[in-house]
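Heads up, entry_8.cif below (mmCIF, C-alpha atoms and all ligand atoms):
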data_start
loop_
_atom_site.label_atom_id
_atom_site.label_comp_id
_atom_site.auth_asym_id
_atom_site.auth_seq_id
_atom_site.Cartn_x
_atom_site.Cartn_y
_atom_site.Cartn_z
CA MET A 1379 -23.02 -9.05 -9.87
CA VAL A 1380 -19.51 -7.60 -9.55
CA LEU A 1381 -17.94 -6.74 -12.91
CA PHE A 1382 -14.19 -6.72 -12.31
CA ASN A 1383 -11.85 -5.33 -14.95
CA SER A 1384 -9.50 -7.83 -16.56
CA ARG A 1385 -6.64 -9.00 -14.37
CA LEU A 1386 -3.18 -10.47 -14.83
CA SER A 1387 -1.84 -13.10 -12.46
CA LEU A 1388 1.40 -11.59 -11.13
CA THR A 1389 1.71 -13.14 -7.69
CA SER A 1390 0.74 -16.29 -5.91
CA LEU A 1391 -2.46 -15.88 -3.90
CA PRO A 1392 -3.89 -16.18 -1.31
CA THR A 1393 -1.32 -14.57 0.94
CA PRO A 1394 -1.06 -16.29 4.34
CA LEU A 1395 -3.39 -15.41 7.22
CA GLU A 1396 -1.36 -16.05 10.36
CA ALA A 1397 -1.89 -15.84 14.11
CA LEU A 1398 0.48 -13.71 16.24
CA PRO A 1399 0.52 -15.77 19.46
CA THR A 1400 3.38 -14.13 21.34
CA LEU A 1401 2.22 -10.59 20.70
CA SER A 1402 -1.39 -11.58 21.46
CA ARG A 1403 -0.30 -12.78 24.90
CA GLN A 1404 1.63 -9.53 25.48
CA LEU A 1405 -1.25 -7.29 24.43
CA GLY A 1406 -4.18 -9.32 25.76
CA VAL A 1407 -5.93 -9.22 22.34
CA GLU A 1408 -6.10 -12.04 19.81
CA LEU A 1409 -4.08 -10.71 16.89
CA TRP A 1410 -3.84 -12.00 13.34
CA ILE A 1411 -1.88 -10.77 10.35
CA LYS A 1412 -2.58 -10.85 6.60
CA ARG A 1413 0.79 -11.26 4.93
CA ASP A 1414 0.64 -9.06 1.83
CA ASP A 1415 4.29 -8.37 2.55
CA LEU A 1416 4.80 -11.88 1.14
CA THR A 1417 3.37 -11.17 -2.30
CA SER A 1418 5.95 -11.81 -4.93
CA PRO A 1419 7.80 -11.01 -7.13
CA ALA A 1420 9.55 -7.62 -6.96
CA GLY A 1421 10.08 -7.51 -3.19
CA GLY A 1422 6.42 -7.85 -2.24
CA GLY A 1423 3.81 -5.48 -0.87
CA ASN A 1424 0.30 -4.24 -1.50
CA LYS A 1425 0.89 -2.70 -4.92
CA VAL A 1426 1.12 -6.03 -6.71
CA ARG A 1427 -2.60 -6.59 -6.17
CA LYS A 1428 -3.34 -3.21 -7.74
CA LEU A 1429 -0.86 -3.79 -10.56
CA GLU A 1430 -2.59 -7.04 -11.55
CA PHE A 1431 -5.50 -4.86 -12.68
CA LEU A 1432 -3.56 -1.77 -13.80
CA LEU A 1433 -1.08 -3.61 -16.00
CA ALA A 1434 -3.94 -5.64 -17.54
CA ASP A 1435 -5.53 -2.29 -18.40
CA ALA A 1436 -2.22 -1.11 -19.88
CA ASP A 1437 -2.31 -4.19 -22.14
CA ALA A 1438 -5.92 -3.47 -23.07
CA HIS A 1439 -4.76 0.00 -24.18
CA ARG A 1440 -1.90 -1.61 -26.16
CA ALA A 1441 0.61 0.43 -24.18
CA THR A 1442 4.25 -0.52 -24.53
CA VAL A 1443 5.46 2.01 -21.96
CA VAL A 1444 4.40 2.34 -18.32
CA ILE A 1445 4.85 5.62 -16.43
CA THR A 1446 4.27 6.16 -12.74
CA LEU A 1447 5.35 8.48 -9.96
CA GLY A 1448 6.11 8.52 -6.26
CA ALA A 1449 8.60 9.37 -3.56
CA VAL A 1450 12.26 8.52 -4.12
CA GLN A 1451 11.80 5.50 -1.78
CA SER A 1452 8.38 4.54 -3.18
CA ASN A 1453 7.42 0.87 -2.85
CA HIS A 1454 4.82 1.44 -5.53
CA CYS A 1455 7.46 2.66 -8.02
CA ARG A 1456 9.75 -0.29 -7.20
CA GLN A 1457 7.00 -2.86 -7.77
CA THR A 1458 5.73 -1.12 -10.92
CA ALA A 1459 9.22 -0.89 -12.44
CA LEU A 1460 10.09 -4.53 -11.81
CA LEU A 1461 6.73 -5.94 -12.91
CA ALA A 1462 6.70 -3.74 -16.02
CA ALA A 1463 10.15 -5.10 -16.89
CA LYS A 1464 8.93 -8.67 -16.38
CA LEU A 1465 6.06 -8.01 -18.82
CA GLY A 1466 8.43 -6.52 -21.39
CA HIS A 1467 7.30 -2.90 -21.01
CA GLU A 1468 9.57 0.13 -21.00
CA ALA A 1469 9.13 1.83 -17.59
CA HIS A 1470 9.59 5.45 -16.50
CA LEU A 1471 9.50 6.56 -12.86
CA VAL A 1472 8.96 10.21 -11.98
CA LEU A 1473 10.51 10.50 -8.52
CA ILE A 1474 9.70 13.35 -6.17
CA GLY A 1475 13.05 14.45 -4.79
CA GLU A 1476 16.69 14.47 -5.80
CA ASP A 1477 18.97 11.59 -6.73
CA PRO A 1478 20.90 10.80 -3.53
CA ILE A 1479 24.61 10.10 -3.67
CA ASP A 1480 24.04 6.59 -2.35
CA ARG A 1481 21.14 4.63 -3.88
CA GLN A 1482 19.66 2.39 -1.20
CA GLY A 1483 16.48 0.44 -0.48
CA ASN A 1484 13.71 0.77 -3.07
CA LEU A 1485 15.72 3.20 -5.19
CA LEU A 1486 18.49 0.63 -5.55
CA LEU A 1487 15.89 -1.89 -6.77
CA ASP A 1488 14.43 0.70 -9.18
CA THR A 1489 17.90 1.05 -10.63
CA LEU A 1490 18.22 -2.73 -11.03
CA SER A 1491 14.88 -2.86 -12.85
CA GLY A 1492 16.30 -0.90 -15.77
CA ALA A 1493 13.54 1.72 -15.59
CA THR A 1494 14.34 5.27 -16.65
CA LEU A 1495 14.38 7.45 -13.52
CA HIS A 1496 13.33 11.10 -13.67
CA PHE A 1497 14.40 12.96 -10.51
CA GLY A 1498 13.81 16.52 -9.43
CA ALA A 1499 10.04 17.03 -8.97
CA ARG A 1500 9.53 19.06 -5.79
CA THR A 1501 5.87 18.27 -5.16
CA LEU A 1502 3.33 15.64 -6.09
CA GLU A 1503 1.59 18.16 -8.34
CA GLU A 1504 4.85 18.86 -10.15
CA GLY A 1505 5.44 15.11 -10.45
CA ARG A 1506 2.01 14.65 -12.02
CA ALA A 1507 2.71 17.42 -14.55
CA ILE A 1508 6.08 15.88 -15.47
CA ALA A 1509 4.50 12.42 -15.89
CA GLN A 1510 1.78 13.88 -18.16
CA GLN A 1511 4.37 15.75 -20.23
CA LEU A 1512 6.45 12.59 -20.54
CA SER A 1513 3.43 10.66 -21.78
CA GLU A 1514 2.83 13.29 -24.48
CA THR A 1515 6.48 13.35 -25.52
CA LEU A 1516 6.51 9.55 -25.82
CA ARG A 1517 3.31 9.62 -27.88
CA ALA A 1518 4.90 12.13 -30.24
CA CYS A 1519 7.70 9.57 -30.70
CA GLY A 1520 5.11 6.90 -31.59
CA LYS A 1521 5.07 5.13 -28.22
CA GLU A 1522 1.77 4.49 -26.45
CA SER A 1523 2.19 4.90 -22.71
CA TYR A 1524 -0.01 4.02 -19.74
CA LEU A 1525 0.05 6.41 -16.82
CA ILE A 1526 -0.41 4.72 -13.45
CA PRO A 1527 -1.48 7.24 -10.80
CA TYR A 1528 0.28 7.94 -7.51
CA GLY A 1529 0.11 4.82 -5.34
CA GLY A 1530 -1.74 2.91 -8.08
CA SER A 1531 -4.87 4.36 -6.50
CA ASP A 1532 -7.70 4.73 -8.97
CA SER A 1533 -10.90 2.81 -9.60
CA ILE A 1534 -8.95 0.11 -11.45
CA GLY A 1535 -6.08 -0.37 -8.99
CA ALA A 1536 -8.38 -0.40 -5.97
CA GLN A 1537 -10.16 -3.45 -7.42
CA GLY A 1538 -7.13 -5.43 -6.23
CA TYR A 1539 -8.24 -4.80 -2.66
CA VAL A 1540 -11.91 -5.50 -3.38
CA ALA A 1541 -10.76 -8.95 -4.48
CA ALA A 1542 -8.39 -9.13 -1.49
CA TRP A 1543 -11.31 -8.63 0.89
CA ALA A 1544 -13.07 -11.61 -0.70
CA GLU A 1545 -9.87 -13.62 -0.24
CA LEU A 1546 -9.72 -12.70 3.46
CA GLN A 1547 -13.35 -13.67 4.01
CA GLU A 1548 -12.77 -17.09 2.46
CA GLN A 1549 -9.76 -17.70 4.72
CA ALA A 1550 -11.54 -16.39 7.81
CA GLN A 1551 -14.66 -18.48 7.21
CA ALA A 1552 -12.56 -21.62 6.72
CA ARG A 1553 -11.22 -21.06 10.27
CA SER A 1554 -14.47 -19.75 11.76
CA LEU A 1555 -12.86 -16.38 12.48
CA SER A 1556 -14.30 -12.91 12.47
CA PHE A 1557 -12.41 -9.72 13.29
CA ASP A 1558 -13.52 -6.73 15.31
CA CYS A 1559 -10.94 -4.44 13.66
CA ILE A 1560 -8.77 -4.50 10.57
CA VAL A 1561 -5.82 -2.09 10.80
CA GLN A 1562 -3.75 -1.03 7.76
CA ALA A 1563 -1.38 1.71 6.60
CA SER A 1564 -3.15 4.28 4.42
CA SER A 1565 -1.55 6.84 2.14
CA SER A 1566 -3.04 7.30 -1.32
CA GLY A 1567 -6.17 5.53 -0.07
CA GLY A 1568 -6.62 2.81 -2.71
CA THR A 1569 -6.06 -0.07 -0.33
CA GLN A 1570 -8.58 1.18 2.20
CA ALA A 1571 -11.13 2.12 -0.48
CA GLY A 1572 -10.88 -1.35 -2.02
CA LEU A 1573 -11.29 -3.06 1.35
CA LEU A 1574 -14.37 -0.96 2.18
CA VAL A 1575 -16.02 -1.75 -1.14
CA GLY A 1576 -15.11 -5.43 -0.68
CA GLN A 1577 -16.71 -5.42 2.75
CA GLN A 1578 -19.96 -4.08 1.28
CA VAL A 1579 -19.95 -6.63 -1.53
CA TYR A 1580 -18.80 -9.76 0.27
CA GLY A 1581 -19.85 -9.04 3.84
CA GLY A 1582 -17.76 -9.80 6.91
CA GLY A 1583 -17.57 -7.57 9.90
CA GLY A 1584 -14.85 -5.46 11.44
CA GLN A 1585 -14.04 -1.78 11.47
CA VAL A 1586 -11.46 -1.00 8.78
CA ILE A 1587 -9.05 1.49 10.35
CA GLY A 1588 -6.62 3.31 8.08
CA ILE A 1589 -3.57 4.69 9.83
CA SER A 1590 -2.44 7.67 7.81
CA VAL A 1591 1.29 7.94 7.14
CA GLY A 1592 1.10 11.44 5.65
CA PRO A 1593 -2.21 13.13 4.89
CA LEU A 1594 -4.37 14.62 7.61
CA ALA A 1595 -7.35 12.47 8.56
CA ALA A 1596 -10.04 14.74 7.05
CA THR A 1597 -8.23 14.86 3.68
CA LEU A 1598 -7.57 11.13 3.51
CA GLN A 1599 -11.10 10.27 4.65
CA GLN A 1600 -12.45 12.30 1.75
CA GLU A 1601 -10.05 10.70 -0.72
CA VAL A 1602 -10.90 7.17 0.46
CA ALA A 1603 -14.64 7.88 0.27
CA THR A 1604 -14.36 9.35 -3.26
CA LEU A 1605 -12.20 6.47 -4.46
CA ALA A 1606 -14.53 3.89 -2.90
CA GLY A 1607 -17.48 5.45 -4.75
CA GLN A 1608 -15.56 5.50 -8.06
CA THR A 1609 -14.43 1.90 -7.58
CA ALA A 1610 -17.95 0.72 -6.80
CA ARG A 1611 -19.25 2.42 -9.95
CA ALA A 1612 -16.46 0.84 -12.04
CA LEU A 1613 -17.61 -2.54 -10.70
CA GLY A 1614 -21.22 -1.85 -11.71
CA LEU A 1615 -22.38 -1.38 -8.12
CA ASP A 1616 -24.49 1.70 -8.66
CA SER A 1617 -26.37 1.44 -5.38
CA PHE A 1618 -23.19 1.32 -3.32
CA THR A 1619 -23.16 3.35 -0.11
CA LEU A 1620 -20.31 3.47 2.36
CA PRO A 1621 -21.56 2.26 5.75
CA SER A 1622 -20.16 5.39 7.44
CA ALA A 1623 -17.28 7.81 6.92
CA PRO A 1624 -14.04 5.82 6.54
CA THR A 1625 -12.05 5.63 9.77
CA VAL A 1626 -8.66 7.29 9.43
CA LEU A 1627 -6.30 8.08 12.31
CA ASP A 1628 -3.56 10.63 11.73
CA GLN A 1629 -1.79 10.81 15.09
CA PHE A 1630 0.92 8.31 14.04
CA ILE A 1631 2.35 10.37 11.17
CA GLY A 1632 4.97 11.58 13.63
CA PRO A 1633 7.23 14.35 12.35
CA GLY A 1634 6.08 13.80 8.75
CA TYR A 1635 5.88 11.41 5.81
CA ALA A 1636 8.89 9.06 5.73
CA LEU A 1637 10.39 10.56 8.90
CA LEU A 1638 11.14 7.89 11.48
CA ASP A 1639 10.13 8.55 15.07
CA GLU A 1640 10.60 6.63 18.34
CA ALA A 1641 7.09 5.13 18.37
CA THR A 1642 7.58 3.66 14.89
CA LEU A 1643 11.03 2.36 15.79
CA ALA A 1644 9.59 0.67 18.90
CA ALA A 1645 6.80 -0.91 16.85
CA ILE A 1646 9.26 -2.25 14.27
CA ARG A 1647 11.41 -3.75 17.04
CA GLN A 1648 8.46 -5.26 18.88
CA LEU A 1649 7.08 -7.18 15.89
CA ALA A 1650 10.56 -8.31 14.79
CA GLN A 1651 11.42 -9.51 18.29
CA THR A 1652 8.12 -11.29 19.03
CA GLU A 1653 7.02 -12.74 15.69
CA ALA A 1654 10.04 -12.47 13.34
CA ILE A 1655 8.06 -10.21 10.98
CA LEU A 1656 9.63 -7.12 9.42
CA LEU A 1657 7.82 -3.80 9.18
CA ASP A 1658 9.08 -0.68 7.40
CA PRO A 1659 9.75 2.85 8.72
CA VAL A 1660 7.45 4.71 6.29
CA TYR A 1661 4.17 2.78 6.21
CA THR A 1662 3.68 -0.41 8.20
CA GLY A 1663 5.83 0.64 11.18
CA LYS A 1664 3.59 3.68 11.67
CA ALA A 1665 0.45 1.61 11.16
CA PHE A 1666 1.67 -0.92 13.70
CA ALA A 1667 2.45 1.85 16.18
CA GLY A 1668 -1.21 2.80 15.72
CA LEU A 1669 -2.34 -0.76 16.35
CA LEU A 1670 -0.28 -0.95 19.56
CA TRP A 1671 -1.88 2.29 20.76
CA LEU A 1672 -5.39 1.02 19.91
CA ALA A 1673 -4.61 -2.15 21.90
CA SER A 1674 -3.42 -0.09 24.88
CA GLU A 1675 -6.70 1.88 24.75
CA GLY A 1676 -8.78 -1.30 24.60
CA ARG A 1677 -10.11 -0.28 21.17
CA LEU A 1678 -9.25 -3.38 19.15
CA GLY A 1679 -12.07 -5.58 20.48
CA LYS A 1680 -11.40 -9.25 21.15
CA ARG A 1681 -9.82 -10.22 17.85
CA ALA A 1682 -8.05 -7.90 15.41
CA LEU A 1683 -6.23 -8.20 12.10
CA PHE A 1684 -3.18 -6.25 10.97
CA TRP A 1685 -3.10 -6.11 7.18
CA HIS A 1686 0.64 -6.07 6.44
CA THR A 1687 1.14 -4.14 3.22
CA GLY A 1688 4.91 -4.70 2.81
CA GLY A 1689 7.66 -2.14 2.42
CA ALA A 1690 10.62 -3.90 4.07
CA PRO A 1691 13.09 -2.92 1.28
CA ALA A 1692 12.95 0.63 2.68
CA LEU A 1693 14.44 -0.60 5.99
CA TYR A 1694 17.91 -0.49 4.48
CA ASN A 1695 17.54 3.19 3.69
CA TYR A 1696 17.20 3.89 7.43
CA ALA A 1697 20.13 1.73 8.57
CA SER A 1698 21.82 4.30 10.82
CA GLN A 1699 18.60 5.22 12.68
CA LEU A 1700 17.48 1.61 13.00
CA ALA A 1701 20.91 0.62 14.31
CA GLY A 1702 20.77 3.45 16.86
CA LYS A 1703 23.72 5.35 15.33
CA GLN A 1704 21.58 8.37 14.52
CA PRO A 1705 18.57 9.43 16.62
CA ALA A 1706 14.99 8.96 15.47
CA ALA A 1707 12.65 11.88 16.05
CA ALA A 1708 11.04 12.03 19.49
C1 LIG A 1801 4.16 -0.62 2.26
C2 LIG A 1801 2.96 0.21 1.97
N1 LIG A 1801 1.91 0.12 2.80
C3 LIG A 1801 0.80 0.87 2.62
C4 LIG A 1801 0.72 1.76 1.58
C5 LIG A 1801 -0.52 2.59 1.45
O1 LIG A 1801 -1.38 2.10 0.48
P1 LIG A 1801 -2.35 3.11 -0.25
O2 LIG A 1801 -1.48 4.05 -1.01
O3 LIG A 1801 -3.19 2.23 -1.11
O4 LIG A 1801 -3.12 3.83 0.80
C6 LIG A 1801 1.78 1.88 0.68
C7 LIG A 1801 1.72 2.87 -0.42
O5 LIG A 1801 2.66 3.18 -1.08
C8 LIG A 1801 2.93 1.09 0.89
O6 LIG A 1801 3.99 1.18 0.07
#
Represent the structure contained in this file as structure tokens.
Amino acid sequence: MVLFNSRLSLTSLPTPLEALPTLSRQLGVELWIKRDDLTSPAGGGNKVRKLEFLLADADAHRATVVITLGAVQSNHCRQTALLAAKLGHEAHLVLIGEDPIDRQGNLLLDTLSGATLHFGARTLEEGRAIAQQLSETLRACGKESYLIPYGGSDSIGAQGYVAAWAELQEQAQARSLSFDCIVQASSSGGTQAGLLVGQQVYGGGGQVIGISVGPLAATLQQEVATLAGQTARALGLDSFTLPSAPTVLDQFIGPGYALLDEATLAAIRQLAQTEAILLDPVYTGKAFAGLLWLASEGRLGKRALFWHTGGAPALYNYASQLAGKQPAAA
């Protein structure tokens, strides 16, 4: 039996499972898409599924304040700040980087959420230390805070994607579909870890391929495997074993995390112009560039799924590169 943690209902589920007929004809592979970009509220994306579990845990700890951290354009921070506000929590975001002159994209939405923004951390490690210090300072003022890790990726947050795998299987079975590959953007690893645990628990085939948007493959593989093991144990699945090492590809990172290159730009244009679906420059555009490459190599099998994890608000932060007024990296 799977013993999920308690969960809030913060979005309407299931998200749509849609065919991509035009692109399938172009690529010669039957392609489907799982629309987690259409989760609501707060601009959508994969973090809402994690936050359903994490914010329930914050309630269980009687926390009135939520703290999290991420990049200045973090989708995770945007969704956490807005959902925390909706639930009546005070929110603090520790942002790695400086406050830009012009607040665009996710950062603009963070500002609208009313969260307190703490800029200036130079590294993730520094961000973690600042978040910890903040939590202690708030406690000294009599406020109980709940610290959500980077990307919402721990054994509680990842349960959102264990449940999401079950949701996909139900939809796929209703249409007599099975997938040879499932491709998704991977960064802090919680989404991929949750999917892999879900696959073990609920069955359903397909190679889950994480396209890294920052970490090198060996590092992310290790993180996903560790997180999958922790998540399985949190669910009471003591005999859980990963079928094999998680598949992570790192050749689509391009010039670096959040740096837009030509391959990503082409992928964003291709999906917009064939299926009217928007990707983002930091996560899903890179993952989709990976999927296009896998298709060109004949490595997607007969039928593949792209798990769209959201991120479109960040598009507006890259306006000049997307509009061709400033070059993307080669
Ligand atoms: C749009 C989007 N896709 C994918 C990811 C990666 O998910 P994970 O951090 O669970 O690997 C993120 C993480 O921030 C994201 O914002």
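Straight-line separation from CA of Leu1386 in chain A to CA of Val1575 in chain A: 20.7 Å.
In terms of minimum interatomic distance to Ala1542 in chain A, A:Leu1395 ranks closest within A:Ala1463, A:Leu1395, A:Leu1672, A:Ala1708, counting all atoms listed in the file.
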If the limit is 9 Å from any atom of ligand LIG 1801 (chain A), counting all atoms listed in the file, which residues qualify? Return them as a ChimeraX atom specification.
/A:1415,1422-1425,1428,1448-1449,1452-1455,1528-1531,1535-1536,1539,1562-1572,1588,1590-1591,1598,1602,1657-1658,1660-1662,1665,1686-1690,1692
Return the single residue from A:Ile1445, A:Gln1457, A:Gly1583, A:Leu1473 that is closest to Leu1516 in chain A, with distances computed using all atoms listed in the file.
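Between A:Ile1445, A:Gln1457, A:Gly1583, A:Leu1473, the residue approaching Leu1516 in chain A most closely is A:Ile1445.
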Give me the range 1588-1672 of chain A side of the contact with range 1401-1413 of chain A, cut-off 8 Å, one line per residue showing its nearest atom pair and distance in Å at one decimal, counting only C-alpha atoms, sorted by chain and residue number, as JSON lines.
{"residue": "A:Leu1649", "atom": "CA", "partner": "A:Leu1401", "partner_atom": "CA", "distance": 7.6}
{"residue": "A:Thr1652", "atom": "CA", "partner": "A:Leu1401", "partner_atom": "CA", "distance": 6.2}
{"residue": "A:Glu1653", "atom": "CA", "partner": "A:Leu1401", "partner_atom": "CA", "distance": 7.3}
Counting all atoms listed in the file, the residue among A:Leu1638, A:Val1443, A:Leu1613, A:Ile1589 that lies closest to Leu1669 in chain A is A:Ile1589
Smallest atom-to-atom distance to Ser1390 in chain A: which of A:Leu1485, A:Leu1416, A:Leu1594, A:Ala1610, using all atoms listed in the file?
A:Leu1416
Between A:Cys1559, A:Ala1493, A:Leu1486, A:Leu1546, which is the closest to Glu1468 in chain A once you count only C-alpha atoms?
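Using only C-alpha atoms, the shortest distance to Glu1468 in chain A belongs to A:Ala1493.
You can rank A:Ile1631, A:Leu1555, A:Ile1474, A:Leu1700 by their closest distance to Glu1396 in chain A using only C-alpha atoms, and at the top of that list sits A:Leu1555.
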Distance of CA of Ala1682 in chain A from CA of Thr1619 in chain A, expressed in Å to one decimal place:
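A separation of 24.4 Å between them.
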Excluding same-chain residues fewer than 5 positions from Gln1577 in chain A, what lies within 8 Å of it counting all atoms listed in the file, as a CSV table (one decimal) with C-alpha atoms, in the frame of the given file?
chain,number,residue,atom,x,y,z
A,1540,VAL,CA,-11.9,-5.5,-3.4
A,1543,TRP,CA,-11.3,-8.6,0.9
A,1544,ALA,CA,-13.1,-11.6,-0.7
A,1582,GLY,CA,-17.8,-9.8,6.9
A,1583,GLY,CA,-17.6,-7.6,9.9
Scan for residues within 6 Å of the point (5.7, 10.5, 6.4) in the coordinates of the file, using all atoms listed in the file, and reply as a PyMOL selection string.
chain A and resi 1591-1592+1631+1634-1637
Keeping only C-alpha atoms, write the selected residues as a tab-separated table (two decimals), in the coordinates of the input.
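Output below, filename result_31.tsv:
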chain	number	residue	atom	x	y	z
A	1591	VAL	CA	1.29	7.94	7.14
A	1592	GLY	CA	1.10	11.44	5.65
A	1631	ILE	CA	2.35	10.37	11.17
A	1634	GLY	CA	6.08	13.80	8.75
A	1635	TYR	CA	5.88	11.41	5.81
A	1636	ALA	CA	8.89	9.06	5.73
A	1637	LEU	CA	10.39	10.56	8.90
Using only C-alpha atoms, give me every residue within 12 Å of (12.6, 1.8, 10.6) in file coordinates, as an NGL selection string.
:A and (1483 or 1636-1650 or 1656-1664 or 1666-1667 or 1689-1702 or 1704-1707)
Straight-line distance linking CA of Ala1420 in chain A with CA of Ser1491 in chain A, stated in Å to one decimal:
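These two atoms are separated by 9.3 Å.
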Leaving out Thr1494 in chain A and any residue of its chain fewer than 3 positions from it, which residues lie within 10 Å of it when counting only C-alpha atoms, given as a ChimeraX atom specification?
/A:1445,1459,1468-1472,1488-1489,1491,1497
